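Participant: Here you go, final21.txt (compact mmCIF, N, CA and C atoms and all ligand atoms):
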# COMPACT_ATOMS: atom_id res chain seq x y z
N MET L 1005 13.59 -56.45 28.55
CA MET L 1005 13.25 -57.82 28.20
C MET L 1005 12.70 -58.58 29.40
N LYS L 1006 13.42 -58.46 30.49
CA LYS L 1006 12.98 -59.16 31.70
C LYS L 1006 11.57 -58.72 32.11
N LYS L 1007 11.38 -57.41 31.91
CA LYS L 1007 10.08 -56.84 32.29
C LYS L 1007 8.94 -57.44 31.45
N THR L 1008 9.25 -57.58 30.15
CA THR L 1008 8.23 -58.14 29.26
C THR L 1008 7.85 -59.56 29.70
N VAL L 1009 8.90 -60.33 29.99
CA VAL L 1009 8.65 -61.71 30.42
C VAL L 1009 7.80 -61.71 31.69
N MET L 1010 8.18 -60.81 32.62
CA MET L 1010 7.43 -60.71 33.88
C MET L 1010 5.96 -60.42 33.62
N SER L 1011 5.74 -59.40 32.78
CA SER L 1011 4.34 -59.00 32.59
C SER L 1011 3.58 -60.08 31.83
N LEU L 1012 4.30 -60.79 30.95
CA LEU L 1012 3.64 -61.90 30.25
C LEU L 1012 3.21 -62.97 31.25
N THR L 1013 4.15 -63.26 32.18
CA THR L 1013 3.84 -64.26 33.19
C THR L 1013 2.62 -63.84 34.01
N VAL L 1014 2.62 -62.56 34.38
CA VAL L 1014 1.50 -62.07 35.18
C VAL L 1014 0.21 -62.20 34.39
N THR L 1015 0.25 -61.79 33.11
CA THR L 1015 -0.96 -61.89 32.29
C THR L 1015 -1.42 -63.34 32.20
N ALA L 1016 -0.44 -64.23 31.96
CA ALA L 1016 -0.80 -65.64 31.83
C ALA L 1016 -1.44 -66.15 33.12
N THR L 1017 -0.84 -65.76 34.25
CA THR L 1017 -1.39 -66.21 35.53
C THR L 1017 -2.81 -65.70 35.72
N LEU L 1018 -2.99 -64.42 35.39
CA LEU L 1018 -4.33 -63.84 35.53
C LEU L 1018 -5.32 -64.58 34.64
N LEU L 1019 -4.87 -64.86 33.41
CA LEU L 1019 -5.75 -65.58 32.48
C LEU L 1019 -6.13 -66.94 33.05
N LEU L 1020 -5.11 -67.61 33.58
CA LEU L 1020 -5.35 -68.94 34.16
C LEU L 1020 -6.37 -68.87 35.28
N ILE L 1021 -6.16 -67.86 36.16
CA ILE L 1021 -7.07 -67.73 37.29
C ILE L 1021 -8.50 -67.50 36.80
N SER L 1022 -8.63 -66.57 35.84
CA SER L 1022 -9.99 -66.26 35.41
C SER L 1022 -10.60 -67.43 34.66
N CYS L 1023 -9.78 -68.17 33.89
CA CYS L 1023 -10.32 -69.35 33.22
C CYS L 1023 -10.82 -70.35 34.24
N GLY L 1024 -9.99 -70.56 35.25
CA GLY L 1024 -10.33 -71.51 36.31
C GLY L 1024 -11.66 -71.14 36.94
N GLN L 1025 -11.84 -69.86 37.18
CA GLN L 1025 -13.09 -69.43 37.80
C GLN L 1025 -14.28 -69.70 36.89
N ASN L 1026 -14.08 -69.36 35.60
CA ASN L 1026 -15.18 -69.59 34.66
C ASN L 1026 -15.56 -71.06 34.63
N LYS L 1027 -14.53 -71.88 34.62
CA LYS L 1027 -14.76 -73.31 34.54
C LYS L 1027 -15.60 -73.79 35.72
N GLU L 1028 -15.23 -73.26 36.88
CA GLU L 1028 -15.95 -73.68 38.08
C GLU L 1028 -17.42 -73.31 37.97
N GLN L 1029 -17.64 -72.10 37.44
CA GLN L 1029 -19.03 -71.65 37.31
C GLN L 1029 -19.77 -72.49 36.27
N GLU L 1030 -19.08 -72.74 35.14
CA GLU L 1030 -19.72 -73.54 34.09
C GLU L 1030 -20.11 -74.92 34.60
N ASN L 1031 -19.19 -75.51 35.39
CA ASN L 1031 -19.42 -76.88 35.82
C ASN L 1031 -20.32 -76.99 37.03
N PHE L 1032 -20.71 -75.86 37.55
CA PHE L 1032 -21.56 -75.90 38.73
C PHE L 1032 -22.84 -76.66 38.42
N GLY L 1033 -23.15 -77.63 39.22
CA GLY L 1033 -24.37 -78.40 38.96
C GLY L 1033 -24.11 -79.65 38.15
N LYS L 1034 -22.90 -79.75 37.59
CA LYS L 1034 -22.59 -80.94 36.79
C LYS L 1034 -21.72 -81.91 37.57
N SER L 1035 -21.50 -81.60 38.84
CA SER L 1035 -20.45 -82.34 39.53
C SER L 1035 -20.71 -83.85 39.62
N THR L 1036 -21.96 -84.28 39.75
CA THR L 1036 -22.22 -85.72 39.87
C THR L 1036 -21.79 -86.43 38.59
N GLU L 1037 -22.17 -85.83 37.46
CA GLU L 1037 -21.82 -86.42 36.19
C GLU L 1037 -20.29 -86.53 36.06
N GLU L 1038 -19.62 -85.44 36.46
CA GLU L 1038 -18.16 -85.44 36.36
C GLU L 1038 -17.53 -86.49 37.24
N GLN L 1039 -18.10 -86.70 38.42
CA GLN L 1039 -17.56 -87.69 39.33
C GLN L 1039 -17.67 -89.09 38.73
N THR L 1040 -18.83 -89.38 38.12
CA THR L 1040 -19.03 -90.68 37.51
C THR L 1040 -17.96 -90.92 36.45
N VAL L 1041 -17.72 -89.88 35.63
CA VAL L 1041 -16.73 -90.01 34.57
C VAL L 1041 -15.36 -90.32 35.16
N SER L 1042 -14.99 -89.59 36.22
CA SER L 1042 -13.65 -89.81 36.74
C SER L 1042 -13.51 -91.17 37.42
N ILE L 1043 -14.60 -91.70 37.98
CA ILE L 1043 -14.52 -93.04 38.57
C ILE L 1043 -14.27 -94.07 37.46
N THR L 1044 -14.99 -93.93 36.36
CA THR L 1044 -14.79 -94.85 35.25
C THR L 1044 -13.36 -94.76 34.74
N GLU L 1045 -12.86 -93.53 34.64
CA GLU L 1045 -11.49 -93.36 34.15
C GLU L 1045 -10.47 -93.94 35.11
N ALA L 1046 -10.82 -93.96 36.39
CA ALA L 1046 -9.86 -94.43 37.38
C ALA L 1046 -9.84 -95.96 37.48
N THR L 1047 -10.79 -96.66 36.80
CA THR L 1047 -10.78 -98.11 36.83
C THR L 1047 -9.43 -98.61 36.33
N PRO L 1048 -8.73 -99.40 37.14
CA PRO L 1048 -7.38 -99.80 36.77
C PRO L 1048 -7.32 -100.59 35.46
N ASN L 1049 -8.28 -101.46 35.23
CA ASN L 1049 -8.23 -102.27 34.01
C ASN L 1049 -9.54 -102.10 33.24
N PRO L 1050 -9.48 -101.49 32.06
CA PRO L 1050 -10.72 -101.22 31.31
C PRO L 1050 -11.44 -102.49 30.89
N LEU L 1051 -10.73 -103.62 30.90
CA LEU L 1051 -11.36 -104.88 30.51
C LEU L 1051 -12.41 -105.34 31.53
N ILE L 1052 -12.29 -104.81 32.77
CA ILE L 1052 -13.20 -105.26 33.83
C ILE L 1052 -14.66 -104.97 33.47
N ASN L 1053 -14.92 -103.78 32.94
CA ASN L 1053 -16.29 -103.42 32.57
C ASN L 1053 -16.81 -104.30 31.44
N GLU L 1054 -15.95 -104.54 30.48
CA GLU L 1054 -16.34 -105.40 29.36
C GLU L 1054 -16.64 -106.82 29.88
N GLY L 1055 -15.81 -107.27 30.80
CA GLY L 1055 -16.00 -108.59 31.38
C GLY L 1055 -17.31 -108.71 32.13
N LYS L 1056 -17.66 -107.65 32.86
CA LYS L 1056 -18.91 -107.64 33.60
C LYS L 1056 -20.10 -107.78 32.64
N GLU L 1057 -20.01 -107.07 31.51
CA GLU L 1057 -21.10 -107.15 30.52
C GLU L 1057 -21.23 -108.56 29.96
N LEU L 1058 -20.09 -109.18 29.67
CA LEU L 1058 -20.12 -110.54 29.13
C LEU L 1058 -20.63 -111.53 30.19
N PHE L 1059 -20.18 -111.33 31.42
CA PHE L 1059 -20.55 -112.23 32.51
C PHE L 1059 -22.06 -112.20 32.75
N GLU L 1060 -22.62 -110.98 32.65
CA GLU L 1060 -24.06 -110.84 32.92
C GLU L 1060 -24.88 -110.96 31.65
N GLY L 1061 -24.23 -110.78 30.51
CA GLY L 1061 -24.94 -110.79 29.23
C GLY L 1061 -24.81 -112.13 28.53
N LYS L 1062 -24.11 -112.12 27.41
CA LYS L 1062 -24.12 -113.33 26.58
C LYS L 1062 -23.43 -114.54 27.21
N GLY L 1063 -22.60 -114.31 28.23
CA GLY L 1063 -21.96 -115.45 28.90
C GLY L 1063 -22.93 -116.20 29.80
N THR L 1064 -23.97 -115.52 30.24
CA THR L 1064 -24.98 -116.05 31.19
C THR L 1064 -24.36 -116.63 32.47
N CYS L 1065 -23.13 -116.24 32.78
CA CYS L 1065 -22.42 -116.77 33.95
C CYS L 1065 -23.13 -116.42 35.25
N VAL L 1066 -23.78 -115.26 35.23
CA VAL L 1066 -24.43 -114.75 36.43
C VAL L 1066 -25.54 -115.69 36.94
N ALA L 1067 -26.04 -116.55 36.04
CA ALA L 1067 -27.09 -117.49 36.44
C ALA L 1067 -26.58 -118.44 37.53
N CYS L 1068 -25.30 -118.75 37.53
CA CYS L 1068 -24.75 -119.71 38.49
C CYS L 1068 -23.68 -119.12 39.40
N HIS L 1069 -23.21 -117.92 39.09
CA HIS L 1069 -22.15 -117.33 39.92
C HIS L 1069 -22.57 -115.98 40.48
N ASN L 1070 -22.63 -115.92 41.80
CA ASN L 1070 -22.95 -114.70 42.52
C ASN L 1070 -21.63 -114.10 43.04
N PRO L 1071 -21.53 -112.77 43.16
CA PRO L 1071 -20.26 -112.20 43.62
C PRO L 1071 -19.70 -112.82 44.90
N ASP L 1072 -20.53 -112.95 45.95
CA ASP L 1072 -19.92 -113.46 47.18
C ASP L 1072 -20.69 -114.59 47.89
N LYS L 1073 -21.65 -115.20 47.16
CA LYS L 1073 -22.40 -116.32 47.74
C LYS L 1073 -22.33 -117.50 46.79
N LYS L 1074 -22.19 -118.70 47.33
CA LYS L 1074 -22.27 -119.86 46.44
C LYS L 1074 -23.73 -120.07 46.06
N ILE L 1075 -24.02 -120.17 44.77
CA ILE L 1075 -25.38 -120.55 44.38
C ILE L 1075 -25.26 -121.91 43.71
N ILE L 1076 -25.32 -121.97 42.39
CA ILE L 1076 -25.08 -123.28 41.76
C ILE L 1076 -23.57 -123.50 41.63
N GLY L 1077 -22.91 -122.43 41.24
CA GLY L 1077 -21.45 -122.50 41.16
C GLY L 1077 -20.82 -121.74 42.33
N PRO L 1078 -19.51 -121.87 42.50
CA PRO L 1078 -18.82 -121.12 43.57
C PRO L 1078 -18.94 -119.62 43.35
N SER L 1079 -18.79 -118.84 44.42
CA SER L 1079 -18.89 -117.38 44.28
C SER L 1079 -17.71 -116.86 43.45
N ILE L 1080 -17.93 -115.70 42.83
CA ILE L 1080 -16.87 -115.11 42.00
C ILE L 1080 -15.64 -114.85 42.88
N LYS L 1081 -15.91 -114.42 44.13
CA LYS L 1081 -14.83 -114.12 45.06
C LYS L 1081 -13.97 -115.36 45.35
N GLU L 1082 -14.65 -116.49 45.57
CA GLU L 1082 -13.91 -117.72 45.86
C GLU L 1082 -13.03 -118.11 44.67
N ILE L 1083 -13.61 -118.03 43.47
CA ILE L 1083 -12.84 -118.36 42.26
C ILE L 1083 -11.65 -117.40 42.14
N ALA L 1084 -11.94 -116.10 42.33
CA ALA L 1084 -10.89 -115.08 42.17
C ALA L 1084 -9.73 -115.31 43.13
N ASN L 1085 -10.06 -115.56 44.40
CA ASN L 1085 -9.00 -115.73 45.40
C ASN L 1085 -8.14 -116.96 45.11
N LEU L 1086 -8.79 -118.06 44.72
CA LEU L 1086 -8.00 -119.26 44.45
C LEU L 1086 -7.12 -119.08 43.19
N TYR L 1087 -7.71 -118.50 42.16
CA TYR L 1087 -6.92 -118.29 40.93
C TYR L 1087 -5.79 -117.30 41.16
N LYS L 1088 -6.04 -116.31 42.02
CA LYS L 1088 -4.99 -115.32 42.28
C LYS L 1088 -3.86 -115.94 43.10
N THR L 1089 -4.22 -116.64 44.19
CA THR L 1089 -3.16 -117.18 45.06
C THR L 1089 -2.37 -118.30 44.38
N THR L 1090 -3.02 -119.04 43.47
CA THR L 1090 -2.29 -120.12 42.80
C THR L 1090 -1.72 -119.65 41.47
N ASN L 1091 -1.96 -118.37 41.16
CA ASN L 1091 -1.47 -117.79 39.91
C ASN L 1091 -1.89 -118.64 38.70
N SER L 1092 -3.16 -119.06 38.71
CA SER L 1092 -3.67 -119.90 37.63
C SER L 1092 -4.36 -119.07 36.57
N ASN L 1093 -4.68 -119.72 35.47
CA ASN L 1093 -5.14 -119.02 34.28
C ASN L 1093 -6.61 -119.32 33.98
N ILE L 1094 -7.46 -118.34 34.17
CA ILE L 1094 -8.90 -118.53 33.94
C ILE L 1094 -9.20 -118.69 32.45
N VAL L 1095 -8.45 -117.97 31.61
CA VAL L 1095 -8.66 -118.06 30.16
C VAL L 1095 -8.46 -119.51 29.71
N ALA L 1096 -7.38 -120.14 30.19
CA ALA L 1096 -7.10 -121.53 29.82
C ALA L 1096 -8.23 -122.45 30.29
N PHE L 1097 -8.74 -122.20 31.51
CA PHE L 1097 -9.85 -123.01 32.01
C PHE L 1097 -11.07 -122.88 31.10
N LEU L 1098 -11.39 -121.64 30.69
CA LEU L 1098 -12.59 -121.40 29.88
C LEU L 1098 -12.44 -121.93 28.45
N LYS L 1099 -11.18 -122.22 28.05
CA LYS L 1099 -10.96 -122.85 26.74
C LYS L 1099 -10.88 -124.36 26.88
N GLU L 1100 -11.12 -124.86 28.07
CA GLU L 1100 -11.01 -126.28 28.41
C GLU L 1100 -9.59 -126.80 28.19
N GLU L 1101 -8.62 -125.93 28.49
CA GLU L 1101 -7.22 -126.33 28.33
C GLU L 1101 -6.57 -126.64 29.68
N SER L 1102 -7.27 -126.32 30.78
CA SER L 1102 -6.72 -126.68 32.09
C SER L 1102 -7.83 -127.24 32.97
N ASP L 1103 -7.44 -127.99 33.98
CA ASP L 1103 -8.41 -128.69 34.83
C ASP L 1103 -9.02 -127.76 35.89
N PRO L 1104 -10.22 -128.13 36.37
CA PRO L 1104 -10.85 -127.32 37.43
C PRO L 1104 -10.06 -127.41 38.73
N ILE L 1105 -9.98 -126.32 39.48
CA ILE L 1105 -9.28 -126.35 40.76
C ILE L 1105 -10.19 -125.91 41.91
N VAL L 1106 -11.33 -125.27 41.58
CA VAL L 1106 -12.17 -124.74 42.66
C VAL L 1106 -13.07 -125.83 43.24
N ASP L 1107 -13.85 -126.49 42.38
CA ASP L 1107 -14.76 -127.52 42.86
C ASP L 1107 -14.89 -128.63 41.80
N PRO L 1108 -13.84 -129.43 41.67
CA PRO L 1108 -13.82 -130.45 40.61
C PRO L 1108 -15.03 -131.38 40.64
N SER L 1109 -15.64 -131.60 41.83
CA SER L 1109 -16.77 -132.52 41.90
C SER L 1109 -17.99 -132.00 41.12
N GLN L 1110 -18.03 -130.69 40.89
CA GLN L 1110 -19.16 -130.09 40.17
C GLN L 1110 -18.79 -129.70 38.73
N TYR L 1111 -17.65 -130.16 38.28
CA TYR L 1111 -17.11 -129.75 36.99
C TYR L 1111 -18.07 -129.99 35.82
N GLU L 1112 -18.83 -131.12 35.88
CA GLU L 1112 -19.74 -131.45 34.78
C GLU L 1112 -20.73 -130.31 34.50
N ILE L 1113 -21.18 -129.64 35.55
CA ILE L 1113 -22.16 -128.55 35.38
C ILE L 1113 -21.49 -127.37 34.67
N MET L 1114 -20.27 -127.06 35.09
CA MET L 1114 -19.54 -125.94 34.50
C MET L 1114 -19.18 -126.23 33.05
N LYS L 1115 -18.88 -127.49 32.78
CA LYS L 1115 -18.46 -127.88 31.42
C LYS L 1115 -19.46 -127.50 30.33
N THR L 1116 -20.76 -127.50 30.69
CA THR L 1116 -21.78 -127.19 29.68
C THR L 1116 -21.60 -125.78 29.12
N ASN L 1117 -20.87 -124.92 29.85
CA ASN L 1117 -20.70 -123.54 29.38
C ASN L 1117 -19.57 -123.36 28.39
N PHE L 1118 -18.75 -124.40 28.22
CA PHE L 1118 -17.63 -124.24 27.30
C PHE L 1118 -18.10 -124.04 25.86
N SER L 1119 -19.36 -124.50 25.57
CA SER L 1119 -19.88 -124.25 24.22
C SER L 1119 -20.01 -122.75 23.99
N ILE L 1120 -20.26 -121.99 25.05
CA ILE L 1120 -20.34 -120.52 24.93
C ILE L 1120 -18.93 -119.90 24.94
N THR L 1121 -18.12 -120.30 25.93
CA THR L 1121 -16.82 -119.63 26.09
C THR L 1121 -15.85 -119.97 24.95
N LYS L 1122 -15.99 -121.14 24.37
CA LYS L 1122 -15.08 -121.50 23.27
C LYS L 1122 -15.37 -120.70 22.01
N LYS L 1123 -16.55 -120.09 21.94
CA LYS L 1123 -16.87 -119.24 20.78
C LYS L 1123 -16.38 -117.81 21.01
N MET L 1124 -15.91 -117.52 22.23
CA MET L 1124 -15.47 -116.16 22.53
C MET L 1124 -14.04 -115.93 22.06
N SER L 1125 -13.73 -114.65 21.75
CA SER L 1125 -12.37 -114.30 21.35
C SER L 1125 -11.47 -114.28 22.58
N ASP L 1126 -10.15 -114.31 22.36
CA ASP L 1126 -9.21 -114.24 23.49
C ASP L 1126 -9.44 -112.98 24.31
N LYS L 1127 -9.77 -111.90 23.61
CA LYS L 1127 -9.96 -110.64 24.33
C LYS L 1127 -11.20 -110.73 25.25
N GLU L 1128 -12.24 -111.36 24.75
CA GLU L 1128 -13.45 -111.52 25.58
C GLU L 1128 -13.16 -112.40 26.80
N LEU L 1129 -12.38 -113.46 26.57
CA LEU L 1129 -12.04 -114.35 27.69
C LEU L 1129 -11.15 -113.62 28.70
N GLN L 1130 -10.24 -112.79 28.19
CA GLN L 1130 -9.39 -112.00 29.10
C GLN L 1130 -10.23 -111.00 29.89
N ALA L 1131 -11.27 -110.48 29.23
CA ALA L 1131 -12.16 -109.54 29.93
C ALA L 1131 -12.89 -110.27 31.05
N LEU L 1132 -13.38 -111.48 30.77
CA LEU L 1132 -14.05 -112.27 31.81
C LEU L 1132 -13.08 -112.55 32.96
N GLU L 1133 -11.84 -112.88 32.61
CA GLU L 1133 -10.84 -113.15 33.64
C GLU L 1133 -10.59 -111.91 34.49
N SER L 1134 -10.43 -110.76 33.84
CA SER L 1134 -10.17 -109.52 34.59
C SER L 1134 -11.34 -109.21 35.52
N TYR L 1135 -12.56 -109.43 35.01
CA TYR L 1135 -13.73 -109.16 35.84
C TYR L 1135 -13.74 -110.08 37.06
N ILE L 1136 -13.53 -111.36 36.85
CA ILE L 1136 -13.53 -112.32 37.97
C ILE L 1136 -12.42 -111.95 38.97
N LEU L 1137 -11.21 -111.70 38.46
CA LEU L 1137 -10.08 -111.40 39.36
C LEU L 1137 -10.26 -110.09 40.12
N SER L 1138 -11.13 -109.21 39.61
CA SER L 1138 -11.34 -107.94 40.31
C SER L 1138 -12.02 -108.17 41.67
N TYR L 1139 -12.52 -109.40 41.89
CA TYR L 1139 -13.14 -109.71 43.19
C TYR L 1139 -12.17 -110.31 44.20
N ALA L 1140 -10.92 -110.52 43.80
CA ALA L 1140 -9.94 -111.11 44.73
C ALA L 1140 -9.64 -110.12 45.86
N ASP L 1141 -9.37 -110.64 47.06
CA ASP L 1141 -9.08 -109.78 48.22
C ASP L 1141 -7.79 -109.00 48.00
C1 LIG P 1201 -25.12 -123.81 34.91
C2 LIG P 1201 -24.37 -123.13 35.94
C3 LIG P 1201 -23.10 -122.41 35.55
C4 LIG P 1201 -22.96 -121.41 34.63
C5 LIG P 1201 -24.02 -120.80 33.72
C6 LIG P 1201 -21.56 -120.99 34.68
N1 LIG P 1201 -20.89 -121.71 35.62
FE1 LIG P 1201 -18.92 -121.50 36.13
N2 LIG P 1201 -19.12 -123.02 37.46
C7 LIG P 1201 -20.28 -123.72 37.74
C8 LIG P 1201 -19.99 -124.76 38.72
C9 LIG P 1201 -21.00 -125.74 39.28
C10 LIG P 1201 -18.64 -124.66 39.01
C11 LIG P 1201 -17.83 -125.56 39.99
C12 LIG P 1201 -17.12 -126.62 39.19
C13 LIG P 1201 -15.71 -126.24 38.84
O1 LIG P 1201 -14.98 -125.77 39.72
O2 LIG P 1201 -15.34 -126.44 37.68
C14 LIG P 1201 -18.10 -123.55 38.21
C15 LIG P 1201 -16.79 -123.12 38.23
C16 LIG P 1201 -16.29 -122.04 37.52
C17 LIG P 1201 -14.92 -121.60 37.58
C18 LIG P 1201 -13.84 -122.20 38.44
C19 LIG P 1201 -13.14 -123.29 37.65
C20 LIG P 1201 -12.22 -124.14 38.46
O3 LIG P 1201 -10.99 -124.02 38.29
O4 LIG P 1201 -12.69 -124.98 39.25
C21 LIG P 1201 -14.82 -120.53 36.72
C22 LIG P 1201 -13.57 -119.71 36.42
C23 LIG P 1201 -16.12 -120.33 36.15
N3 LIG P 1201 -17.00 -121.26 36.65
C24 LIG P 1201 -16.41 -119.33 35.25
C25 LIG P 1201 -17.64 -119.23 34.60
C26 LIG P 1201 -17.89 -118.28 33.53
C27 LIG P 1201 -16.90 -117.25 33.02
C28 LIG P 1201 -19.17 -118.49 33.14
C29 LIG P 1201 -19.92 -117.80 31.99
C30 LIG P 1201 -19.29 -117.91 30.68
C31 LIG P 1201 -19.71 -119.55 33.96
N4 LIG P 1201 -18.75 -119.98 34.83
C32 LIG P 1201 -21.02 -120.03 33.86
C33 LIG P 1201 -21.52 -123.50 37.19
C34 LIG P 1201 -21.79 -122.59 36.18
Can you turn what I pasted into structure tokens?
Ligand code: HEC

Facilitator:
Amino acid sequence: MKKTVMSLTVTATLLLISCGQNKEQENFGKSTEEQTVSITEATPNPLINEGKELFEGKGTCVACHNPDKKIIGPSIKEIANLYKTTNSNIVAFLKEESDPIVDPSQYEIMKTNFSITKKMSDKELQALESYILSYAD
């Protein structure tokens, strides 16, 4: 009995080794594609990608917010750092349920976007929040 188990283990190990080798050969030349896939899978919060699409797409936020430079609005990084350190809620801000904390003197310009963000679902707003917060230090 012991012998059978041993030889089964050996067979299994050999099978594993040969499978592994085949796999390596099959995947040869595909490594860049595989790396891209694993980077996407390693993204800590899947909402970040969705948020990026909304930010650059139908949200049109990118027109006034640059990742690390102030243009018309504060940089995404500045917003992210302040919201992170004060533990504030971006979703509430985008629903016009909380006051501006980054640059209240320019609030009127930002306010025009609530017509867009108020039509978004909670999940979309959470995605925007995750995307913005991904720029925090
Ligand atoms: C027309 C230009 C413009 C567009 C488009 C715009 N913003 Fe802004 N945003 C501003 C300005 C100016 C401020 C600074 C005023 C303020 O802090 O409220 C600001 C501030 C913010 C803040 C900080 C709020 C705070 O507490 O002070 C957040 C968060 C924000 N924008 C998110 C967004 C998102 C998300 C979008 C897209 C749905 C967007 N913005 C589109 C101009 C814009």

Participant: Could you list, as a ChimeraX atom specification, all protein and nucleic acid residues with an atom at most 8 Å from ligand LIG 1201 (chain P), counting only N, CA and C atoms and all ligand atoms?

Facilitator: /L:1058-1060,1062-1069,1075-1080,1082-1084,1086-1087,1093-1095,1097-1098,1102-1118,1120-1122,1129,1132-1133,1136

Participant: Please, what distance in Å, to one decimal, runs between atom C of Asn1085 (chain L) and CA of Ala1140 (chain L)?

Facilitator: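 Separation of atom C of Asn1085 (chain L) and CA of Ala1140 (chain L): 6.1 Å.
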
Participant: So how many Å separate CA of Tyr1135 (chain L) and CA of Leu1051 (chain L), to one decimal?

Facilitator: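 Atom-to-atom, CA of Tyr1135 (chain L) and CA of Leu1051 (chain L) are spaced 7.2 Å apart.
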
Participant: For a test of reading the model, state the distance in Å between atom N of Lys1073 (chain L) and atom C of Thr1089 (chain L), rounded to one decimal.

Facilitator: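 Atom N of Lys1073 (chain L) sits 19.7 Å away from atom C of Thr1089 (chain L).
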
Participant: Have a look at L:Ala1131, L:Met1124, L:Leu1137, L:Ala1096 and name the one nearest to Gly1055 (chain L); count all atoms listed in the file.

Facilitator: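 That would be L:Ala1131, the residue with the smallest distance to Gly1055 (chain L).
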
Participant: Output as a PyMOL selection string all residues of region 1079-1131 of chain L that backbone DSSP marks as helix (DSSP H, G or I).

Facilitator: chain L and resi 1080-1089+1094-1098+1108-1115+1118-1121+1126-1131

Participant: Specify the axis-aligned box that encloses all atoms of region 1098-1116 of chain L listed in the file after padding of 4 Å on each side, stating its centre and edge lengths in Å to one decimal as lines of an AutoDock Vina configuration file.

Facilitator:
center_x = -14.4
center_y = -127.0
center_z = 35.0
size_x = 23.6
size_y = 19.1
size_z = 24.5
